[in-house]
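**Q** My structure is in entry-v9.txt, and what it holds is compact mmCIF, C-alpha atoms:
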# COMPACT_ATOMS: atom_id res chain seq x y z
CA MET U 669 0.00 0.00 0.00
CA GLY U 670 2.63 2.59 0.97
CA THR U 671 2.68 5.57 3.32
CA VAL U 672 3.69 9.21 3.44
CA ASP U 673 7.15 9.48 5.02
CA GLN U 674 7.81 13.24 4.69
CA LEU U 675 6.07 16.34 3.33
CA PHE U 676 7.63 19.51 1.90
CA ILE U 677 6.56 22.80 0.32
CA ALA U 678 8.49 25.84 -0.84
CA PRO U 679 6.64 29.18 -0.75
CA GLU U 680 8.58 30.65 -3.71
CA GLY U 681 10.76 29.34 -6.52
CA GLY U 682 14.34 28.76 -5.41
CA GLU U 683 13.54 28.96 -1.69
CA PRO U 684 14.47 26.00 0.53
CA MET U 685 11.87 23.29 0.97
CA GLU U 686 10.03 23.49 4.30
CA ARG U 687 9.10 20.29 6.13
CA ARG U 688 5.44 19.94 7.15
CA GLU U 689 3.50 17.39 9.20
CA SER U 690 0.41 17.95 7.04
CA VAL U 691 -0.58 19.88 3.92
CA GLU U 692 -3.82 20.79 2.17
CA ALA U 693 -4.17 19.54 -1.39
CA VAL U 694 -6.50 21.79 -3.37
CA GLU U 695 -7.17 22.45 -7.04
CA GLY U 696 -3.81 23.39 -8.54
CA GLY U 697 -1.56 21.84 -5.88
CA LEU U 698 -0.59 22.24 -2.24
CA VAL U 699 -1.59 25.30 -0.22
CA GLY U 700 1.51 27.44 0.30
CA ASP U 701 3.63 25.75 -2.38
CA ARG U 702 5.35 27.70 -5.15
CA TYR U 703 3.69 25.83 -8.01
CA ARG U 704 0.20 26.35 -6.59
CA ARG U 705 1.06 30.06 -6.34
CA GLY U 706 2.49 30.13 -9.86
CA THR U 707 5.96 31.18 -8.63
CA GLY U 708 7.85 27.93 -9.25
CA TYR U 709 10.94 28.02 -11.43
CA TYR U 710 9.13 26.37 -14.35
CA SER U 711 5.79 28.20 -13.91
CA PRO U 712 3.74 28.30 -16.04
CA TYR U 713 5.50 26.12 -18.63
CA ASP U 714 6.22 22.77 -16.95
CA VAL U 715 4.17 22.50 -13.80
CA CYS U 716 3.49 19.49 -11.64
CA GLU U 717 0.76 20.25 -9.11
CA ILE U 718 2.31 17.79 -6.65
CA THR U 719 5.53 15.82 -6.88
CA LEU U 720 6.21 12.49 -5.18
CA LEU U 721 9.52 10.73 -4.51
CA GLU U 722 10.31 7.36 -2.95
CA ALA U 723 12.22 7.32 0.35
CA ASP U 724 14.15 4.36 -1.07
CA ALA U 725 15.51 6.64 -3.81
CA ILE U 726 16.77 9.13 -1.21
CA GLU U 727 18.42 6.30 0.75
CA THR U 728 19.98 4.76 -2.37
CA ILE U 729 21.44 8.14 -3.36
CA ARG U 730 22.85 8.62 0.14
CA ASP U 731 24.35 5.12 0.22
CA THR U 732 25.76 4.99 -3.32
CA VAL U 733 26.64 8.60 -4.13
CA GLY U 734 27.08 10.08 -0.66
CA ILE U 735 24.55 12.89 -1.15
CA ASP U 736 21.97 13.24 1.64
CA LEU U 737 18.72 14.69 0.27
CA GLY U 738 16.67 13.91 3.39
CA ASP U 739 16.34 17.64 4.08
CA GLY U 740 14.16 18.24 1.03
CA ARG U 741 16.82 19.38 -1.42
CA HIS U 742 15.32 16.87 -3.86
CA ARG U 743 12.59 19.57 -4.43
CA ARG U 744 9.70 17.04 -4.25
CA ASN U 745 6.57 17.52 -2.10
CA ILE U 746 5.70 14.04 -0.85
CA VAL U 747 8.24 11.40 0.12
CA THR U 748 6.69 7.93 0.21
CA ARG U 749 7.69 4.58 1.62
CA GLY U 750 6.61 1.09 0.58
CA ARG U 751 5.06 1.90 -2.81
CA ALA U 752 6.62 1.89 -6.29
CA LEU U 753 5.55 5.32 -7.52
CA HIS U 754 5.66 4.40 -11.21
CA ASP U 755 2.75 2.02 -10.41
CA LEU U 756 0.69 5.14 -9.62
CA LEU U 757 1.06 6.64 -13.09
CA GLU U 758 -2.33 7.02 -14.79
CA THR U 759 -4.11 5.80 -11.64
CA THR U 760 -6.34 7.69 -9.24
CA PHE U 761 -5.14 7.19 -5.68
CA ARG U 762 -5.97 8.43 -2.21
CA VAL U 763 -3.40 9.96 0.10
CA GLY U 764 -4.99 10.98 3.39
CA SER U 765 -8.35 12.48 2.45
CA ALA U 766 -7.11 13.81 -0.92
CA GLN U 767 -7.48 12.03 -4.24
CA LEU U 768 -4.64 12.42 -6.75
CA ARG U 769 -3.96 11.19 -10.26
CA GLY U 770 -0.43 10.17 -11.30
CA THR U 771 0.31 12.04 -14.52
CA ARG U 772 3.94 11.51 -15.56
CA PRO U 773 7.47 10.78 -14.36
CA ARG U 774 9.36 13.78 -12.95
CA PRO U 775 12.96 13.61 -14.12
CA PRO U 776 15.51 15.86 -12.44
CA CYS U 777 16.79 19.05 -14.01
CA ALA U 778 19.83 21.30 -13.71
CA HIS U 779 17.79 23.73 -11.60
CA VAL U 780 17.37 21.16 -8.79
CA GLU U 781 21.15 20.87 -8.59
CA ALA U 782 21.65 24.64 -8.57
CA VAL U 783 19.14 25.11 -5.74
CA ALA U 784 20.49 22.11 -3.80
CA GLY U 785 23.93 23.67 -3.91
CA GLU U 786 25.69 20.35 -4.41
CA GLU U 787 27.20 18.94 -7.58
CA GLY U 788 25.78 15.58 -8.66
CA VAL U 789 22.22 15.98 -7.31
CA ALA U 790 20.56 16.00 -10.75
CA SER U 791 22.41 12.91 -11.97
CA ALA U 792 21.78 11.14 -8.64
CA LEU U 793 18.05 11.73 -9.09
CA GLY U 794 18.28 10.33 -12.62
CA GLU U 795 18.03 6.65 -13.47
CA GLY U 796 14.31 6.58 -12.65
CA ARG U 797 14.74 8.03 -9.16
CA GLY U 798 13.21 11.46 -9.86
CA GLY U 799 9.69 10.52 -8.79
CA ILE U 800 6.37 11.38 -10.41
CA CYS U 801 3.92 14.23 -10.87
CA ALA U 802 0.31 14.12 -9.76
CA ARG U 803 -2.71 16.39 -10.04
CA VAL U 804 -5.39 16.93 -7.44
CA VAL U 805 -8.66 15.17 -8.33
CA SER U 806 -10.41 15.81 -5.02
CA PRO U 807 -9.12 18.17 -2.29
CA GLY U 808 -8.14 16.96 1.15
CA THR U 809 -5.52 16.85 3.88
CA ILE U 810 -2.33 14.83 3.49
CA ALA U 811 -0.29 14.05 6.60
CA VAL U 812 2.89 12.16 7.46
CA GLY U 813 1.92 8.54 8.10
CA ASP U 814 -1.11 8.56 5.78
CA SER U 815 -1.56 5.51 3.58
CA ILE U 816 -1.54 5.52 -0.21
CA GLU U 817 -4.35 3.51 -1.81
CA ILE U 818 -5.15 3.03 -5.49
CA LEU U 819 -8.81 3.85 -6.15
CA GLU U 820 -8.85 3.42 -9.94
CA ASP U 821 -6.27 1.41 -11.86
CA ASP U 822 -4.56 2.74 -14.94
CA PRO U 823 -6.33 2.09 -18.27
CA ARG U 824 -3.91 -0.69 -19.30
CA THR U 825 -4.56 -2.69 -16.13
CA VAL U 826 -8.30 -2.19 -16.48
CA GLY U 827 -8.13 -3.31 -20.12
CA VAL U 828 -6.21 -6.49 -19.27
CA THR U 829 -8.70 -7.32 -16.50
CA ILE U 830 -11.65 -6.86 -18.88
CA ALA U 831 -9.97 -8.95 -21.59
CA LYS U 832 -9.31 -11.80 -19.12
CA ARG U 833 -12.91 -11.69 -17.90
CA LEU U 834 -14.27 -11.78 -21.46
CA GLU U 835 -11.93 -14.63 -22.36
CA ALA U 836 -13.06 -16.62 -19.30
CA GLU U 837 -16.72 -15.95 -20.13
CA SER U 838 -16.15 -17.01 -23.74
CA THR U 839 -14.47 -20.24 -22.63
CA THR U 840 -17.34 -20.97 -20.24
CA THR U 841 -19.94 -20.26 -22.96
CA ASP U 842 -18.08 -22.41 -25.52
CA SER U 843 -17.95 -25.33 -23.05
CA SER U 844 -21.71 -25.29 -22.48
What would you get if you wrote out this structure as structure tokens?
**A**
Amino acid sequence: MGTVDQLFIAPEGGEPMERRESVEAVEGGLVGDRYRRGTGYYSPYDVCEITLLEADAIETIRDTVGIDLGDGRHRRNIVTRGRALHDLLETTFRVGSAQLRGTRPRPPCAHVEAVAGEEGVASALGEGRGGICARVVSPGTIAVGDSIEILEDDPRTVGVTIAKRLEAESTTTDSS
């Protein structure tokens, strides 16, 4: 299922990420975050309402590259534990009382390295460790410790399930 391990927002583009115990997800993003305000570095051209990153990615980077991003220098909003985030792409999922939809991977950029102030951050977040973007489907509160639950599978999974059901029904009908 997975849980929320850490939460971060940054009030303005380029400002340090601020750790929170809970945040409000509303239309357009997280209350108080730079991208919800339209002041993020990539606003309005390449905006993710909410960004998610796996705690395992942060730990792997620390252990293999020696860069500790546990303070939020990864520039992502929600750090998760126990859930492969790429499995949330094109799904609708609940985090706390908010519903989100995974929209696309979030690869790192040179800006994240410049703001982090440490060489190698962008490449360390590469290799599929950059996390994902999500949009708010239904507002709600997200808090550290909240579970992550898929509410609606991605279209490919739904299609495979339907195809298997139809195949089983066809086999049963043919046997009669």
**Q** List the spatial neighbours of U:Arg688 as a list of chain:residue names - criterion: any atom at most 12 Å away, only C-alpha atoms, same-chain residues fewer than 3 positions off excluded.
**A**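 Here the qualifying residues turn out to be U:Val672, U:Asp673, U:Gln674, U:Leu675, U:Phe676, U:Ile677, U:Ala678, U:Met685, U:Val691, U:Glu692, U:Leu698, U:Val699, U:Gly700, U:Asp701, U:Asp739, U:Gly740, U:Asn745, U:Ile746, U:Val747, U:Thr809, U:Ile810, U:Ala811, U:Val812, U:Gly813.
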**Q** With C-alpha atoms retained, write the just-selected residues as a PDB file, keeping the file's coordinate frame.
**A**
ATOM      1  CA  VAL U 672       3.690   9.210   3.440  1.00  0.00           C
ATOM      2  CA  ASP U 673       7.150   9.480   5.020  1.00  0.00           C
ATOM      3  CA  GLN U 674       7.810  13.240   4.690  1.00  0.00           C
ATOM      4  CA  LEU U 675       6.070  16.340   3.330  1.00  0.00           C
ATOM      5  CA  PHE U 676       7.630  19.510   1.900  1.00  0.00           C
ATOM      6  CA  ILE U 677       6.560  22.800   0.320  1.00  0.00           C
ATOM      7  CA  ALA U 678       8.490  25.840  -0.840  1.00  0.00           C
ATOM      8  CA  MET U 685      11.870  23.290   0.970  1.00  0.00           C
ATOM      9  CA  VAL U 691      -0.580  19.880   3.920  1.00  0.00           C
ATOM     10  CA  GLU U 692      -3.820  20.790   2.170  1.00  0.00           C
ATOM     11  CA  LEU U 698      -0.590  22.240  -2.240  1.00  0.00           C
ATOM     12  CA  VAL U 699      -1.590  25.300  -0.220  1.00  0.00           C
ATOM     13  CA  GLY U 700       1.510  27.440   0.300  1.00  0.00           C
ATOM     14  CA  ASP U 701       3.630  25.750  -2.380  1.00  0.00           C
ATOM     15  CA  ASP U 739      16.340  17.640   4.080  1.00  0.00           C
ATOM     16  CA  GLY U 740      14.160  18.240   1.030  1.00  0.00           C
ATOM     17  CA  ASN U 745       6.570  17.520  -2.100  1.00  0.00           C
ATOM     18  CA  ILE U 746       5.700  14.040  -0.850  1.00  0.00           C
ATOM     19  CA  VAL U 747       8.240  11.400   0.120  1.00  0.00           C
ATOM     20  CA  THR U 809      -5.520  16.850   3.880  1.00  0.00           C
ATOM     21  CA  ILE U 810      -2.330  14.830   3.490  1.00  0.00           C
ATOM     22  CA  ALA U 811      -0.290  14.050   6.600  1.00  0.00           C
ATOM     23  CA  VAL U 812       2.890  12.160   7.460  1.00  0.00           C
ATOM     24  CA  GLY U 813       1.920   8.540   8.100  1.00  0.00           C
TER      25      GLY U 813
END
**Q** Please provide the set of residues having any atom within 12 Å of U:Gly734, restricted to all atoms listed in the file, with same-chain residues fewer than 4 positions apart removed, written as a PyMOL selection string.
**A** chain U and resi 726-730+738+786-789+792
**Q** From the options U:Cys801, U:Gly764, U:Arg743, U:Glu817, which residue's atoms come nearest to U:Cys777, counting only C-alpha atoms?
**A**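 Nearest to U:Cys777: U:Arg743.
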**Q** Leaving out U:Thr760 and any residue of its chain fewer than 5 positions from it, which residues lie within 9 Å of it when counting all atoms listed in the file, given as an MDAnalysis selection string?
**A** chainID U and resid 767:770 805 817:822
**Q** Point out the residue among U:Pro775, U:Glu686, U:Leu757, U:Gly681 with the least atom-to-atom distance to U:Gly706, counting all atoms listed in the file.
**A** U:Gly681
**Q** Suppose you want the space between atom CA of U:Gly796 and atom CA of U:Glu758; what is it in Å?
**A**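 Going from atom CA of U:Gly796 over to atom CA of U:Glu758, I get 16.8 Å.
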**Q** Have a look at U:Leu720, U:Ala693, U:Leu834, U:Met669 and name the one nearest to U:Arg772; count all atoms listed in the file.
**A** U:Leu720
**Q** Can you work out the spacing between atom CA of U:Thr748 and atom CA of U:Glu680 in Å, to one decimal?
**A** 23.1 Å
**Q** Smallest atom-to-atom distance to U:Asp724: which of U:Pro684, U:Arg762, U:Gly799, U:Val804, using all atoms listed in the file?
**A**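 For U:Asp724, the nearest of the candidates is U:Gly799.
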**Q** Using all atoms listed in the file, which protein or nucleic acid residues come within 12 Å of U:Val715? Drop anything in the same chain fewer than 4 positions from it, and give the result as a ChimeraX atom specification.
**A** /U:681,696-697,701-711,719,771-772,774,800-803
**Q** Name all residues at most 8 Å from U:His742 (count all atoms listed in the file; drop same-chain ones fewer than 5 positions away) and give them as a list in words.
**A**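 The filter keeps Leu737, Val780, Ala784, Val789 and Leu793 of chain U.
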**Q** Rounded to one decimal, what separation in Å do you get between atom CA of U:Ser815 and atom CA of U:Ala790?
**A**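 Pair atom CA of U:Ser815 / atom CA of U:Ala790 returns 28.4 Å.
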**Q** Between U:Glu695, U:Glu835, U:Glu683, U:Asp814, single out the one closest to U:Ser765, counting only C-alpha atoms.
**A**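 Ranked by minimum distance to U:Ser765, first place goes to U:Asp814.
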**Q** Name the closest residue to U:Gly785 among the candidates U:Val763, U:Asp736, U:Pro679, U:Ser838; distances are taken between atoms, counting only C-alpha atoms.
**A**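 Looking at the shortest contact to U:Gly785, the residue is U:Asp736.
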